[in-house]
$ cat query-v3.txt   # compact mmCIF, C-alpha atoms
# COMPACT_ATOMS: atom_id res chain seq x y z
CA PHE A 214 31.56 6.85 -46.24
CA GLU A 215 34.23 8.20 -43.91
CA LYS A 216 34.08 6.59 -40.45
CA GLY A 217 30.39 5.92 -41.02
CA ILE A 218 29.52 9.44 -42.21
CA PRO A 219 28.09 9.47 -45.75
CA THR A 220 28.85 12.13 -48.34
CA VAL A 221 26.98 12.08 -51.66
CA TYR A 222 28.88 12.77 -54.87
CA GLU A 223 26.93 15.28 -56.93
CA GLY A 224 29.12 15.21 -60.03
CA ASN A 225 29.07 13.21 -63.26
CA LEU A 226 29.88 9.55 -62.59
CA GLU A 227 31.06 9.11 -66.20
CA LYS A 228 33.96 11.50 -65.61
CA GLU A 229 36.36 9.32 -63.64
CA GLU A 230 39.06 11.98 -63.24
CA GLU A 231 36.59 14.36 -61.56
CA LEU A 232 35.39 11.54 -59.31
CA LEU A 233 38.96 10.68 -58.33
CA ARG A 234 39.75 14.31 -57.48
CA TRP A 235 36.57 14.47 -55.38
CA MET A 236 37.53 11.32 -53.47
CA GLU A 237 41.03 12.66 -52.82
CA LEU A 238 39.52 15.93 -51.59
CA GLN A 239 37.26 14.07 -49.12
CA THR A 240 40.22 12.32 -47.50
CA SER A 241 42.55 15.32 -47.42
CA SER A 242 40.31 18.29 -46.48
CA ASP A 243 38.51 19.28 -43.27
CA GLU A 244 35.17 19.52 -44.98
CA ILE A 245 32.03 19.13 -42.84
CA GLU A 246 29.88 16.51 -44.55
CA ASP A 247 26.52 17.56 -45.95
CA VAL A 248 23.79 14.99 -45.20
CA THR A 249 20.12 14.43 -46.00
CA ASP A 250 17.42 14.18 -43.33
CA GLU A 251 17.31 10.38 -43.75
CA MET A 252 21.09 10.15 -43.34
CA LEU A 253 20.91 12.37 -40.28
CA ASP A 254 18.39 10.07 -38.57
CA ILE A 255 20.65 7.06 -39.16
CA ILE A 256 23.78 8.86 -37.92
CA ILE A 257 22.04 10.11 -34.75
CA ALA A 258 20.71 6.60 -34.05
CA LYS A 259 24.07 4.85 -34.57
CA MET A 260 26.64 7.28 -33.15
CA HIS A 261 27.05 8.40 -29.55
CA HIS A 262 28.08 12.00 -30.26
CA VAL A 263 26.99 13.90 -33.37
CA ALA A 264 27.38 17.65 -33.85
CA VAL A 265 24.86 18.89 -36.42
CA LEU A 266 24.94 22.33 -38.01
CA PHE A 267 21.47 23.25 -39.26
CA CYS A 268 22.16 25.92 -41.87
CA LYS A 269 20.64 27.80 -44.77
CA SER A 270 20.83 26.19 -48.21
CA THR A 271 24.50 26.44 -49.14
CA PRO A 272 25.34 23.65 -51.61
CA LEU A 273 28.92 22.62 -52.25
CA ILE A 274 30.44 24.73 -49.47
CA THR A 275 33.83 23.18 -48.78
CA PHE A 276 37.35 24.21 -47.95
CA PHE A 277 37.20 26.38 -51.07
CA SER A 278 34.23 28.35 -49.66
CA LYS A 279 36.57 31.12 -48.55
CA PHE A 280 37.31 31.76 -52.23
CA ILE A 281 33.63 31.76 -53.29
CA PRO A 282 31.75 35.09 -53.21
CA PHE A 283 28.97 35.02 -50.58
CA SER A 284 25.36 35.03 -51.74
CA ASP A 285 23.05 37.96 -51.07
CA ASP A 286 20.79 36.09 -48.64
CA LYS A 287 21.48 37.18 -45.04
CA ASP A 288 21.08 33.65 -43.56
CA ASP A 289 23.14 32.24 -46.43
CA LYS A 290 25.96 34.66 -45.69
CA LYS A 291 25.95 33.85 -42.01
CA SER A 292 25.87 30.09 -42.68
CA GLN A 293 28.78 30.40 -45.10
CA LYS A 294 30.89 32.40 -42.66
CA VAL A 295 30.14 29.96 -39.82
CA LEU A 296 31.04 26.99 -42.00
CA VAL A 297 34.40 28.49 -42.91
CA GLU A 298 35.17 28.94 -39.19
CA LEU A 299 33.94 25.50 -38.10
CA GLU A 300 35.93 23.68 -40.76
CA ASN A 301 38.95 24.56 -38.58
CA ILE A 302 37.85 22.24 -35.75
CA ASP A 303 36.57 19.29 -37.79
CA ASP A 304 39.79 17.32 -37.15
CA GLU A 305 39.63 18.04 -33.39
CA CYS A 306 36.04 16.78 -33.30
CA ASP A 307 37.15 13.64 -35.10
CA GLN A 308 39.93 13.10 -32.56
CA ASN A 309 37.37 13.37 -29.74
CA ASP A 310 35.02 10.84 -31.46
CA ILE A 311 32.45 13.53 -32.25
CA ALA A 312 30.92 13.17 -35.70
CA PHE A 313 30.42 16.56 -37.38
CA VAL A 314 27.86 17.05 -40.16
CA LYS A 315 25.73 19.79 -41.65
CA ILE A 316 22.25 19.78 -43.12
CA ASP A 317 20.72 22.53 -45.24
CA ASP A 318 17.10 21.39 -45.03
CA ASP A 319 14.70 24.05 -43.67
CA ASN A 320 11.93 21.48 -43.14
CA GLU A 321 14.19 19.23 -41.07
CA ALA A 322 15.22 22.22 -38.94
CA ARG A 323 11.55 23.09 -38.30
CA GLU A 324 10.85 19.48 -37.31
CA TRP A 325 13.35 19.93 -34.47
CA GLY A 326 11.84 23.30 -33.52
CA ILE A 327 14.83 25.25 -34.89
CA GLU A 328 13.72 28.62 -36.26
CA GLU A 329 16.99 30.54 -36.57
CA LEU A 330 19.75 29.42 -38.92
CA PRO A 331 22.52 28.57 -38.57
CA THR A 332 22.04 26.63 -35.29
CA MET A 333 24.29 23.95 -33.81
CA VAL A 334 22.91 20.91 -31.96
CA LEU A 335 24.96 18.18 -30.30
CA PHE A 336 23.16 14.83 -30.18
CA GLU A 337 24.44 12.73 -27.29
CA ARG A 338 23.09 9.18 -27.67
CA GLY A 339 20.16 10.70 -29.54
CA ILE A 340 19.50 13.46 -26.97
CA PRO A 341 19.79 17.01 -28.42
CA HIS A 342 21.78 19.80 -26.74
CA ILE A 343 21.39 23.23 -28.36
CA TYR A 344 24.48 25.46 -28.51
CA GLU A 345 23.65 29.05 -27.55
CA GLY A 346 27.11 30.56 -27.95
CA ASP A 347 28.80 32.37 -30.84
CA LEU A 348 29.43 29.93 -33.70
CA MET A 349 32.09 32.27 -35.09
CA GLN A 350 34.25 31.44 -32.05
CA GLU A 351 35.30 27.93 -33.06
CA GLU A 352 37.62 27.31 -30.08
CA GLU A 353 34.88 28.28 -27.63
CA PHE A 354 32.46 25.98 -29.44
CA LEU A 355 34.98 23.11 -29.43
CA GLY A 356 35.39 23.56 -25.68
CA TRP A 357 31.61 23.34 -25.25
CA LEU A 358 31.47 20.11 -27.28
CA ILE A 359 34.18 18.46 -25.18
CA HIS A 360 32.54 19.69 -21.96
CA GLN A 361 29.17 18.23 -23.01
CA LYS A 362 30.82 14.92 -23.77
CA LYS A 363 32.55 14.71 -20.39
CA HIS A 364 29.82 16.10 -18.13
CA THR A 365 26.19 15.15 -17.60
CA GLU A 366 23.69 18.00 -17.84
CA ILE A 367 19.94 18.08 -18.35
CA PRO A 368 19.45 19.43 -21.88
CA GLU A 369 17.01 22.21 -22.67
CA VAL A 370 14.88 21.21 -25.67
CA THR A 371 12.22 22.70 -27.92
CA ASP A 372 8.60 21.48 -28.00
CA GLU A 373 9.33 19.61 -31.22
CA MET A 374 12.42 17.95 -29.76
CA LYS A 375 10.39 16.84 -26.75
CA ASP A 376 7.78 15.25 -29.04
CA LYS A 377 10.46 13.49 -31.11
CA LEU A 378 12.16 12.11 -27.99
CA ILE A 379 8.85 10.84 -26.57
CA GLU A 380 8.16 9.14 -29.91
CA THR A 381 11.66 7.61 -30.04
CA PHE A 382 12.43 6.57 -26.45
CA PRO A 383 10.17 4.49 -24.16
CA HIS A 384 11.07 6.28 -20.91
CA VAL A 385 11.31 10.09 -20.85
CA ALA A 386 11.05 12.46 -17.87
CA VAL A 387 10.32 16.11 -18.72
CA ILE A 388 10.87 18.99 -16.30
CA PHE A 389 8.63 21.91 -17.22
CA CYS A 390 9.98 25.23 -15.97
CA GLU A 391 10.14 28.88 -16.96
CA LEU A 392 13.66 30.25 -17.27
CA PHE A 393 15.59 32.34 -19.72
CA PRO A 394 17.48 30.02 -22.14
CA LEU A 395 20.14 27.68 -20.84
CA ARG A 396 20.08 28.79 -17.22
CA THR A 397 21.63 25.74 -15.59
CA GLN A 398 23.71 24.85 -12.59
CA ILE A 399 26.65 26.70 -14.16
CA ASP A 400 24.45 29.71 -14.91
CA ALA A 401 23.33 29.89 -11.29
CA LYS A 402 26.96 30.45 -10.31
CA LEU A 403 27.43 33.04 -13.04
CA PHE A 404 24.23 34.89 -12.12
CA PRO A 405 24.12 34.93 -8.29
CA SER A 406 22.00 38.09 -8.26
CA ILE A 407 18.86 36.54 -9.78
CA ASP A 408 15.94 38.01 -7.86
CA ASP A 409 12.97 36.20 -9.39
CA LYS A 410 11.59 33.76 -6.79
CA ASP A 411 10.26 31.31 -9.39
CA ASP A 412 13.56 31.39 -11.29
CA LYS A 413 15.49 30.61 -8.12
CA GLN A 414 13.21 27.66 -7.40
CA ASP A 415 13.57 26.36 -10.95
CA ILE A 416 17.37 26.57 -10.66
CA ARG A 417 17.36 24.72 -7.33
CA VAL A 418 15.18 21.97 -8.80
CA LEU A 419 17.45 21.63 -11.85
CA ASN A 420 20.49 21.41 -9.57
CA GLU A 421 18.80 18.58 -7.64
CA MET A 422 17.88 16.74 -10.82
CA GLU A 423 21.47 16.98 -12.11
CA ASN A 424 22.45 14.79 -9.13
CA ILE A 425 20.31 11.86 -10.33
CA ASP A 426 20.95 12.19 -14.08
CA ASP A 427 23.59 9.42 -14.06
CA ASP A 428 21.28 7.11 -12.08
CA LEU A 429 18.48 7.70 -14.57
CA GLU A 430 20.81 7.00 -17.49
CA ARG A 431 21.70 3.63 -15.96
CA GLU A 432 17.97 2.91 -15.64
CA GLY A 433 17.38 3.83 -19.28
CA ILE A 434 15.34 6.91 -18.38
CA ILE A 435 16.01 10.10 -20.33
CA ILE A 436 15.55 13.42 -18.52
CA ILE A 437 15.12 16.74 -20.35
CA ARG A 438 13.80 20.20 -19.56
CA LEU A 439 11.41 22.47 -21.39
CA ASP A 440 11.31 26.17 -20.54
CA ASN A 441 7.84 26.84 -21.90
CA ALA A 442 4.92 27.76 -19.64
CA GLU A 443 2.41 27.65 -22.52
CA GLU A 444 3.34 24.07 -23.37
CA ALA A 445 3.04 23.18 -19.68
CA LYS A 446 -0.52 24.53 -19.63
CA GLU A 447 -1.43 22.11 -22.44
CA TYR A 448 -0.70 19.34 -19.93
CA GLY A 449 -2.74 21.10 -17.24
CA LEU A 450 0.35 22.19 -15.31
CA ASP A 451 -0.39 25.54 -13.68
CA HIS A 452 2.45 25.56 -11.14
CA LEU A 453 6.04 25.30 -12.31
CA PRO A 454 8.47 23.64 -12.03
CA ALA A 455 6.68 20.33 -12.62
CA MET A 456 7.63 16.89 -13.90
CA VAL A 457 5.82 14.60 -16.33
CA TYR A 458 7.06 11.07 -16.99
CA PHE A 459 6.24 9.49 -20.37
CA GLU A 460 6.26 5.70 -20.67
CA ASN A 461 5.62 4.52 -24.22
CA LYS A 462 4.18 8.00 -24.88
CA ILE A 463 1.68 7.77 -21.96
CA PRO A 464 2.19 10.66 -19.48
CA ALA A 465 2.10 10.50 -15.67
CA ILE A 466 2.42 13.55 -13.42
CA TYR A 467 4.78 13.57 -10.46
CA GLU A 468 2.93 14.87 -7.42
CA GLY A 469 5.80 14.86 -4.91
CA ASP A 470 8.55 17.29 -3.93
CA LEU A 471 10.95 18.01 -6.80
CA MET A 472 13.51 19.28 -4.31
CA ASN A 473 13.87 15.74 -2.93
CA GLU A 474 16.03 14.09 -5.58
CA ASP A 475 15.98 10.65 -3.90
CA GLU A 476 12.20 10.67 -3.81
CA VAL A 477 12.03 11.68 -7.49
CA LEU A 478 14.50 8.95 -8.46
CA GLU A 479 12.58 6.32 -6.50
CA TRP A 480 9.29 7.38 -8.15
CA LEU A 481 10.71 7.34 -11.68
CA VAL A 482 12.32 3.91 -11.22
CA LEU A 483 9.04 2.61 -9.75
CA GLN A 484 7.12 3.93 -12.76
CA LYS A 485 9.51 2.16 -15.13
CA ASN A 486 9.83 -1.18 -13.35
CA SER A 487 6.34 -1.83 -12.04
CA ALA A 488 2.72 -1.73 -13.18
CA THR A 489 1.38 1.66 -12.11
CA ILE A 490 -1.76 3.47 -13.16
CA GLU A 491 -0.69 6.90 -14.40
CA GLU A 492 -2.06 10.02 -12.68
CA VAL A 493 -3.18 12.58 -15.29
CA THR A 494 -4.83 15.98 -15.56
CA ASP A 495 -8.06 16.70 -17.46
CA GLU A 496 -6.02 18.19 -20.30
CA ILE A 497 -3.87 15.06 -20.64
CA LEU A 498 -6.93 12.83 -20.34
CA THR A 499 -8.70 14.66 -23.16
CA GLU A 500 -5.66 14.15 -25.41
CA LEU A 501 -5.46 10.45 -24.53
CA ILE A 502 -9.12 9.85 -25.31
CA GLU A 503 -8.74 11.67 -28.63
CA ALA A 504 -5.53 9.87 -29.64
CA HIS A 505 -6.07 6.28 -28.46
CA GLU A 506 -8.66 3.63 -29.25
CA TYR A 507 -9.05 2.19 -25.72
CA VAL A 508 -8.67 4.25 -22.53
CA VAL A 509 -9.87 3.19 -19.07
CA VAL A 510 -10.21 6.01 -16.54
CA TYR A 511 -10.60 5.65 -12.79
CA PHE A 512 -12.24 8.91 -11.69
CA THR A 513 -11.57 9.24 -7.95
CA GLY A 514 -12.48 12.84 -7.17
CA ASP A 515 -10.68 14.10 -4.06
CA CYS A 516 -8.96 11.01 -2.72
CA GLU A 517 -6.63 10.98 0.28
CA GLU A 518 -4.17 8.20 1.05
CA GLY A 519 -5.81 5.44 3.07
CA GLU A 520 -9.37 6.19 1.95
CA LYS A 521 -11.47 3.54 0.18
CA CYS A 522 -10.92 5.16 -3.23
CA ASP A 523 -7.15 4.90 -2.66
CA LYS A 524 -7.42 1.23 -1.61
CA ILE A 525 -9.40 0.47 -4.80
CA LEU A 526 -6.67 2.17 -6.87
CA ASP A 527 -4.00 -0.01 -5.23
CA ASP A 528 -5.98 -3.16 -6.09
CA LEU A 529 -6.55 -2.03 -9.68
CA GLU A 530 -2.77 -1.72 -10.12
CA ASN A 531 -2.76 -5.54 -10.20
CA ILE A 532 -4.45 -5.63 -13.62
CA ASP A 533 -2.54 -2.81 -15.32
CA ASP A 534 -0.07 -5.18 -17.04
CA GLU A 535 -2.85 -7.38 -18.44
CA LEU A 536 -4.64 -4.34 -19.84
CA ASP A 537 -1.43 -3.04 -21.39
CA GLU A 538 -0.91 -6.37 -23.15
CA ALA A 539 -4.45 -6.05 -24.56
CA GLY A 540 -3.74 -2.55 -25.87
CA ILE A 541 -5.85 -0.77 -23.22
CA ILE A 542 -4.45 2.35 -21.54
CA PHE A 543 -5.30 2.70 -17.82
CA VAL A 544 -5.10 6.11 -16.08
CA THR A 545 -6.54 7.80 -13.02
CA THR A 546 -7.44 11.41 -12.16
CA GLU A 547 -8.75 13.39 -9.22
CA GLU A 548 -9.89 16.18 -11.54
CA THR A 549 -13.57 16.20 -12.43
CA ASP A 550 -14.12 18.43 -15.49
CA THR A 551 -13.98 15.52 -17.96
CA ALA A 552 -16.23 13.42 -15.73
CA LYS A 553 -18.81 16.23 -15.60
CA LYS A 554 -18.66 16.65 -19.38
CA PHE A 555 -19.77 13.03 -19.80
CA GLY A 556 -22.36 13.23 -17.01
CA ILE A 557 -20.37 11.00 -14.65
CA LYS A 558 -21.32 11.56 -11.01
CA ASN A 559 -21.04 9.81 -7.63
CA LEU A 560 -17.30 9.21 -7.72
CA PRO A 561 -15.26 7.03 -7.67
CA LYS A 562 -16.23 5.59 -11.05
CA LEU A 563 -14.51 3.44 -13.66
CA VAL A 564 -15.21 4.46 -17.27
CA PHE A 565 -14.07 2.69 -20.44
CA PHE A 566 -13.65 4.95 -23.50
CA ARG A 567 -13.82 2.84 -26.67
CA ASN A 568 -13.13 4.98 -29.73
CA LYS A 569 -14.08 7.98 -27.52
CA ASP A 570 -17.43 6.30 -26.62
CA PRO A 571 -17.74 6.07 -22.79
CA LEU A 572 -19.11 3.00 -20.96
CA VAL A 573 -19.49 3.17 -17.16
CA TYR A 574 -18.61 0.08 -15.13
CA SER A 575 -21.50 -0.88 -12.85
CA GLY A 576 -19.89 -3.85 -11.09
CA ASP A 577 -17.87 -4.19 -7.90
CA LEU A 578 -14.74 -1.99 -7.99
CA ASP A 579 -13.28 -3.96 -5.08
CA ASP A 580 -12.90 -7.05 -7.27
CA GLU A 581 -10.10 -6.33 -9.76
CA ASP A 582 -10.47 -9.73 -11.45
CA GLU A 583 -14.10 -8.95 -12.22
CA VAL A 584 -13.05 -5.54 -13.56
CA LEU A 585 -10.43 -7.17 -15.81
CA ALA A 586 -12.91 -9.73 -17.14
CA TRP A 587 -15.41 -6.95 -17.95
CA LEU A 588 -12.86 -4.70 -19.67
CA THR A 589 -11.57 -7.49 -21.93
CA ASP A 590 -14.95 -9.06 -22.70
CA GLU A 591 -15.96 -8.85 -26.38
CA ASN A 592 -19.40 -7.54 -25.44
CA THR A 593 -17.76 -4.65 -23.61
CA LEU A 594 -15.39 -3.90 -26.48
CA GLU A 595 -18.13 -3.79 -29.09
CA ILE A 596 -19.76 -0.43 -29.76
CA PRO A 597 -23.36 -0.85 -31.04
CA GLY A 598 -23.80 0.23 -34.65
CA LYS A 599 -20.12 0.98 -35.17
CA ILE A 600 -17.09 -0.77 -36.65
CA GLU A 601 -14.48 -0.52 -33.91
CA GLU A 602 -11.11 0.99 -34.65
CA VAL A 603 -8.47 -1.14 -32.91
CA ASN A 604 -4.76 -0.84 -32.21
CA MET A 605 -2.22 -3.56 -33.05
CA LYS A 606 -2.27 -5.19 -29.60
CA MET A 607 -6.06 -5.43 -29.60
CA LEU A 608 -6.08 -6.79 -33.15
CA GLU A 609 -3.66 -9.56 -32.17
CA LYS A 610 -5.84 -10.41 -29.16
CA ILE A 611 -9.02 -10.58 -31.26
CA LEU A 612 -7.34 -12.69 -33.96
CA ALA A 613 -6.03 -15.11 -31.34
CA GLU A 614 -9.46 -15.59 -29.72
CA ASN A 615 -11.76 -15.79 -32.80
CA ASP A 616 -12.00 -18.02 -35.86
CA HIS A 617 -13.56 -15.51 -38.24
CA ILE A 618 -12.63 -11.82 -38.31
CA VAL A 619 -13.01 -9.20 -41.03
CA VAL A 620 -10.42 -6.44 -40.82
CA PHE A 621 -10.63 -3.29 -42.90

$ encode --input "query-v3.txt" --output "structure tokens"
Amino acid sequence: FEKGIPTVYEGNLEKEEELLRWMELQTSSDEIEDVTDEMLDIIIAKMHHVAVLFCKSTPLITFFSKFIPFSDDKDDKKSQKVLVELENIDDECDQNDIAFVKIDDDNEAREWGIEELPTMVLFERGIPHIYEGDLMQEEEFLGWLIHQKKHTEIPEVTDEMKDKLIETFPHVAVIFCELFPLRTQIDAKLFPSIDDKDDKQDIRVLNEMENIDDDLEREGIIIIRLDNAEEAKEYGLDHLPAMVYFENKIPAIYEGDLMNEDEVLEWLVLQKNSATIEEVTDEILTELIEAHEYVVVYFTGDCEEGEKCDKILDDLENIDDELDEAGIIFVTTEETDTAKKFGIKNLPKLVFFRNKDPLVYSGDLDDEDEVLAWLTDENTLEIPGKIEEVNMKMLEKILAENDHIVVF
């Protein structure tokens, strides 16, 4: 372990002279440490700045690589050449408190959505930033690393990175847009002649969001961007740019003006610090019902501010925390396709999906206490003729309230 970075000795432990030479080499050379996927996860979690080179299988590439004939594989050759160049800045990275490692695991690269090797990713407090420049220009790359460390920018991520971040962090805001790679505030200055109207709007939105990035970091909210219109459609987002906020993996769509950074910041902080019922699309709702054991949906239909349906929603916000503690997800939607699929008419309606099985609430929607009592009642939770699948929160609730429970 050198400053927390592990390097595995692959030689014969019974040959002490070889082991000693290897140890001396580790302390004297500028070798980029080769790590496993498990090591990588630990390093990313523990260290603030980690530069990771995802490369093609190239075992035992060290300082002496320049004396080793390159393999015939095209990706291997490129990885080997890049490694030889990047060894030159390993000390500079160390001086700037940037850990530098490499991993030659194709499966791990695919898990991060990395298809081309070699690829460099800087993880800043666990948030990935993909380097799009020429890895053979080590000084240019070093400048990029130092710039990323000193300046706050919204990183562009892959679909897989987005999913990993949502799984790892409790509060994640995702801007969905459609730009060519890495077009940021800096790019807008470099490319003043961009004619595409949608691109210009995306750039303006990103510029606005850059202004609140520091505020969001202080609030513990991560903000990223995904330039993928197809992925956006999976969330029911037809008009880009758009923002989706994920709290403990549950998405909520921002309906306001993305050009108003103060309004966006206020909304995100409100989502994090208070009990709010998330607004979702039909596509998101379908995924939630499929993925979670207990989902309550308030179908409003078209609902303007100040109308009765809106007043009911405000009152129902008062029980969101109690439902969350019981392991019940509470969302709302104005879209009606899912409601029609289950034969739900005469909106607004409250529907409880238990293991995908819908149960319509027939009581008074104006009385949130009555709604809460109904949703958490054992008779409501039970599905006739079926052993209910529960989540951990619901299991703890049932165990606390009953003397005799069989759990499979």

$ atom_distance --input "query-v3.txt" --atom1 "CA of Glu337 in chain A" --atom2 "CA of Asp289 in chain A"
27.4 Å

$ atom_distance --input "query-v3.txt" --atom1 "CA of Ile257 in chain A" --atom2 "CA of Leu358 in chain A"
15.6 Å

$ residues_around --input "query-v3.txt" --residues "Glu329 in chain A" --least-positions-apart "2" --cutoff "9 Å" --atoms "all atoms listed in the file" --output "list in words"
Phe267, Cys268, Asp288, Ala322, Ile327, Pro331 and Thr332 of chain A

$ residues_near_point --input "query-v3.txt" --point "(-4.1, 12.9, -4.9)" --cutoff "8 Å" --atoms "only C-alpha atoms" --output "ChimeraX atom specification"
/A:468,515-518,547

$ closest_residue --input "query-v3.txt" --among "A:Ile525, A:Glu535, A:Lys259, A:Val544" --to "Tyr511 in chain A" --atoms "all atoms listed in the file"
A:Val544

$ closest_residue --input "query-v3.txt" --among "A:Glu298, A:Glu305, A:Asp495, A:Asp250" --to "Asn320 in chain A" --atoms "all atoms listed in the file"
A:Asp250

$ atom_distance --input "query-v3.txt" --atom1 "CA of Asp372 in chain A" --atom2 "CA of Val477 in chain A"
23.0 Å

$ residues_around --input "query-v3.txt" --residues "range 418-432 of chain A" --least-positions-apart "4" --cutoff "7 Å" --atoms "all atoms listed in the file" --output "JSON list (two decimals) with C-alpha atoms, in the frame of the given file"
[["chain", "number", "residue", "atom", "x", "y", "z"],
["A", 365, "THR", "CA", 26.19, 15.15, -17.60],
["A", 366, "GLU", "CA", 23.69, 18.00, -17.84],
["A", 367, "ILE", "CA", 19.94, 18.08, -18.35],
["A", 397, "THR", "CA", 21.63, 25.74, -15.59],
["A", 398, "GLN", "CA", 23.71, 24.85, -12.59],
["A", 414, "GLN", "CA", 13.21, 27.66, -7.40],
["A", 471, "LEU", "CA", 10.95, 18.01, -6.80],
["A", 472, "MET", "CA", 13.51, 19.28, -4.31],
["A", 474, "GLU", "CA", 16.03, 14.09, -5.58],
["A", 478, "LEU", "CA", 14.50, 8.95, -8.46]]

$ residues_near_point --input "query-v3.txt" --point "(5.0, 16.7, -17.0)" --cutoff "8 Å" --atoms "only C-alpha atoms" --output "PyMOL selection string"
chain A and resi 386-389+445+448+450+455-458+464-467

$ closest_residue --input "query-v3.txt" --among "A:Asp254, A:Asp527, A:Glu506, A:Glu583" --to "Ile596 in chain A" --atoms "only C-alpha atoms"
A:Glu506

$ residues_around --input "query-v3.txt" --residues "Ala488 in chain A" --least-positions-apart "2" --cutoff "7 Å" --atoms "only C-alpha atoms" --output "PyMOL selection string"
chain A and resi 490+530+533-534

$ closest_residue --input "query-v3.txt" --among "A:Phe313, A:Phe382, A:Phe459, A:Trp357" --to "Ile340 in chain A" --atoms "only C-alpha atoms"
A:Phe382

$ residues_around --input "query-v3.txt" --residues "Glu391 in chain A" --least-positions-apart "5" --cutoff "6 Å" --atoms "all atoms listed in the file" --output "MDAnalysis selection string"
chainID A and resid 440:442

$ write_last_selection --input "query-v3.txt" --atoms "C-alpha atoms" --output "PDB file, in the frame of the given file"
ATOM      1  CA  ASP A 440      11.310  26.170 -20.540  1.00  0.00           C
ATOM      2  CA  ASN A 441       7.840  26.840 -21.900  1.00  0.00           C
ATOM      3  CA  ALA A 442       4.920  27.760 -19.640  1.00  0.00           C
TER       4      ALA A 442
END

$ residues_around --input "query-v3.txt" --residues "Val509 in chain A" --least-positions-apart "5" --cutoff "8 Å" --atoms "only C-alpha atoms" --output "mmCIF file with C-alpha atoms, keeping the file's coordinate frame"
data_model
loop_
_atom_site.group_PDB
_atom_site.id
_atom_site.type_symbol
_atom_site.label_atom_id
_atom_site.label_comp_id
_atom_site.auth_asym_id
_atom_site.auth_seq_id
_atom_site.Cartn_x
_atom_site.Cartn_y
_atom_site.Cartn_z
ATOM 1 C CA ILE A 541 -5.850 -0.770 -23.220
ATOM 2 C CA ILE A 542 -4.450 2.350 -21.540
ATOM 3 C CA PHE A 543 -5.300 2.700 -17.820
ATOM 4 C CA VAL A 544 -5.100 6.110 -16.080
ATOM 5 C CA LEU A 563 -14.510 3.440 -13.660
ATOM 6 C CA VAL A 564 -15.210 4.460 -17.270
ATOM 7 C CA PHE A 565 -14.070 2.690 -20.440
ATOM 8 C CA PHE A 566 -13.650 4.950 -23.500
#

$ build_atoms --input "query-v3.txt" --residues "range 243-256 of chain A" --atoms "N, CA and C atoms" --output "PDB file, keeping the file's coordinate frame"
ATOM      1  N   ASP A 243      39.284  19.256 -44.517  1.00  0.00           N
ATOM      2  CA  ASP A 243      38.510  19.280 -43.270  1.00  0.00           C
ATOM      3  C   ASP A 243      37.071  19.642 -43.542  1.00  0.00           C
ATOM      4  N   GLU A 244      36.536  19.137 -44.604  1.00  0.00           N
ATOM      5  CA  GLU A 244      35.170  19.520 -44.980  1.00  0.00           C
ATOM      6  C   GLU A 244      34.142  18.861 -44.046  1.00  0.00           C
ATOM      7  N   ILE A 245      33.147  19.653 -43.629  1.00  0.00           N
ATOM      8  CA  ILE A 245      32.030  19.130 -42.840  1.00  0.00           C
ATOM      9  C   ILE A 245      31.024  18.515 -43.794  1.00  0.00           C
ATOM     10  N   GLU A 246      30.727  17.229 -43.599  1.00  0.00           N
ATOM     11  CA  GLU A 246      29.880  16.510 -44.550  1.00  0.00           C
ATOM     12  C   GLU A 246      28.450  17.027 -44.556  1.00  0.00           C
ATOM     13  N   ASP A 247      27.903  17.144 -45.754  1.00  0.00           N
ATOM     14  CA  ASP A 247      26.520  17.560 -45.950  1.00  0.00           C
ATOM     15  C   ASP A 247      25.665  16.309 -46.051  1.00  0.00           C
ATOM     16  N   VAL A 248      24.600  16.203 -45.217  1.00  0.00           N
ATOM     17  CA  VAL A 248      23.790  14.990 -45.200  1.00  0.00           C
ATOM     18  C   VAL A 248      22.321  15.320 -45.466  1.00  0.00           C
ATOM     19  N   THR A 249      21.566  14.300 -45.840  1.00  0.00           N
ATOM     20  CA  THR A 249      20.120  14.430 -46.000  1.00  0.00           C
ATOM     21  C   THR A 249      19.443  14.153 -44.668  1.00  0.00           C
ATOM     22  N   ASP A 250      18.126  14.419 -44.592  1.00  0.00           N
ATOM     23  CA  ASP A 250      17.420  14.180 -43.330  1.00  0.00           C
ATOM     24  C   ASP A 250      17.399  12.693 -42.987  1.00  0.00           C
ATOM     25  N   GLU A 251      17.300  11.816 -44.013  1.00  0.00           N
ATOM     26  CA  GLU A 251      17.310  10.380 -43.750  1.00  0.00           C
ATOM     27  C   GLU A 251      18.676   9.921 -43.220  1.00  0.00           C
ATOM     28  N   MET A 252      19.744  10.456 -43.828  1.00  0.00           N
ATOM     29  CA  MET A 252      21.090  10.150 -43.340  1.00  0.00           C
ATOM     30  C   MET A 252      21.266  10.608 -41.904  1.00  0.00           C
ATOM     31  N   LEU A 253      20.766  11.805 -41.620  1.00  0.00           N
ATOM     32  CA  LEU A 253      20.910  12.370 -40.280  1.00  0.00           C
ATOM     33  C   LEU A 253      20.267  11.464 -39.236  1.00  0.00           C
ATOM     34  N   ASP A 254      19.076  10.963 -39.522  1.00  0.00           N
ATOM     35  CA  ASP A 254      18.390  10.070 -38.570  1.00  0.00           C
ATOM     36  C   ASP A 254      19.220   8.836 -38.285  1.00  0.00           C
ATOM     37  N   ILE A 255      19.839   8.262 -39.333  1.00  0.00           N
ATOM     38  CA  ILE A 255      20.650   7.060 -39.160  1.00  0.00           C
ATOM     39  C   ILE A 255      21.898   7.363 -38.333  1.00  0.00           C
ATOM     40  N   ILE A 256      22.555   8.483 -38.636  1.00  0.00           N
ATOM     41  CA  ILE A 256      23.780   8.860 -37.920  1.00  0.00           C
ATOM     42  C   ILE A 256      23.482   9.090 -36.438  1.00  0.00           C
TER      43      ILE A 256
END
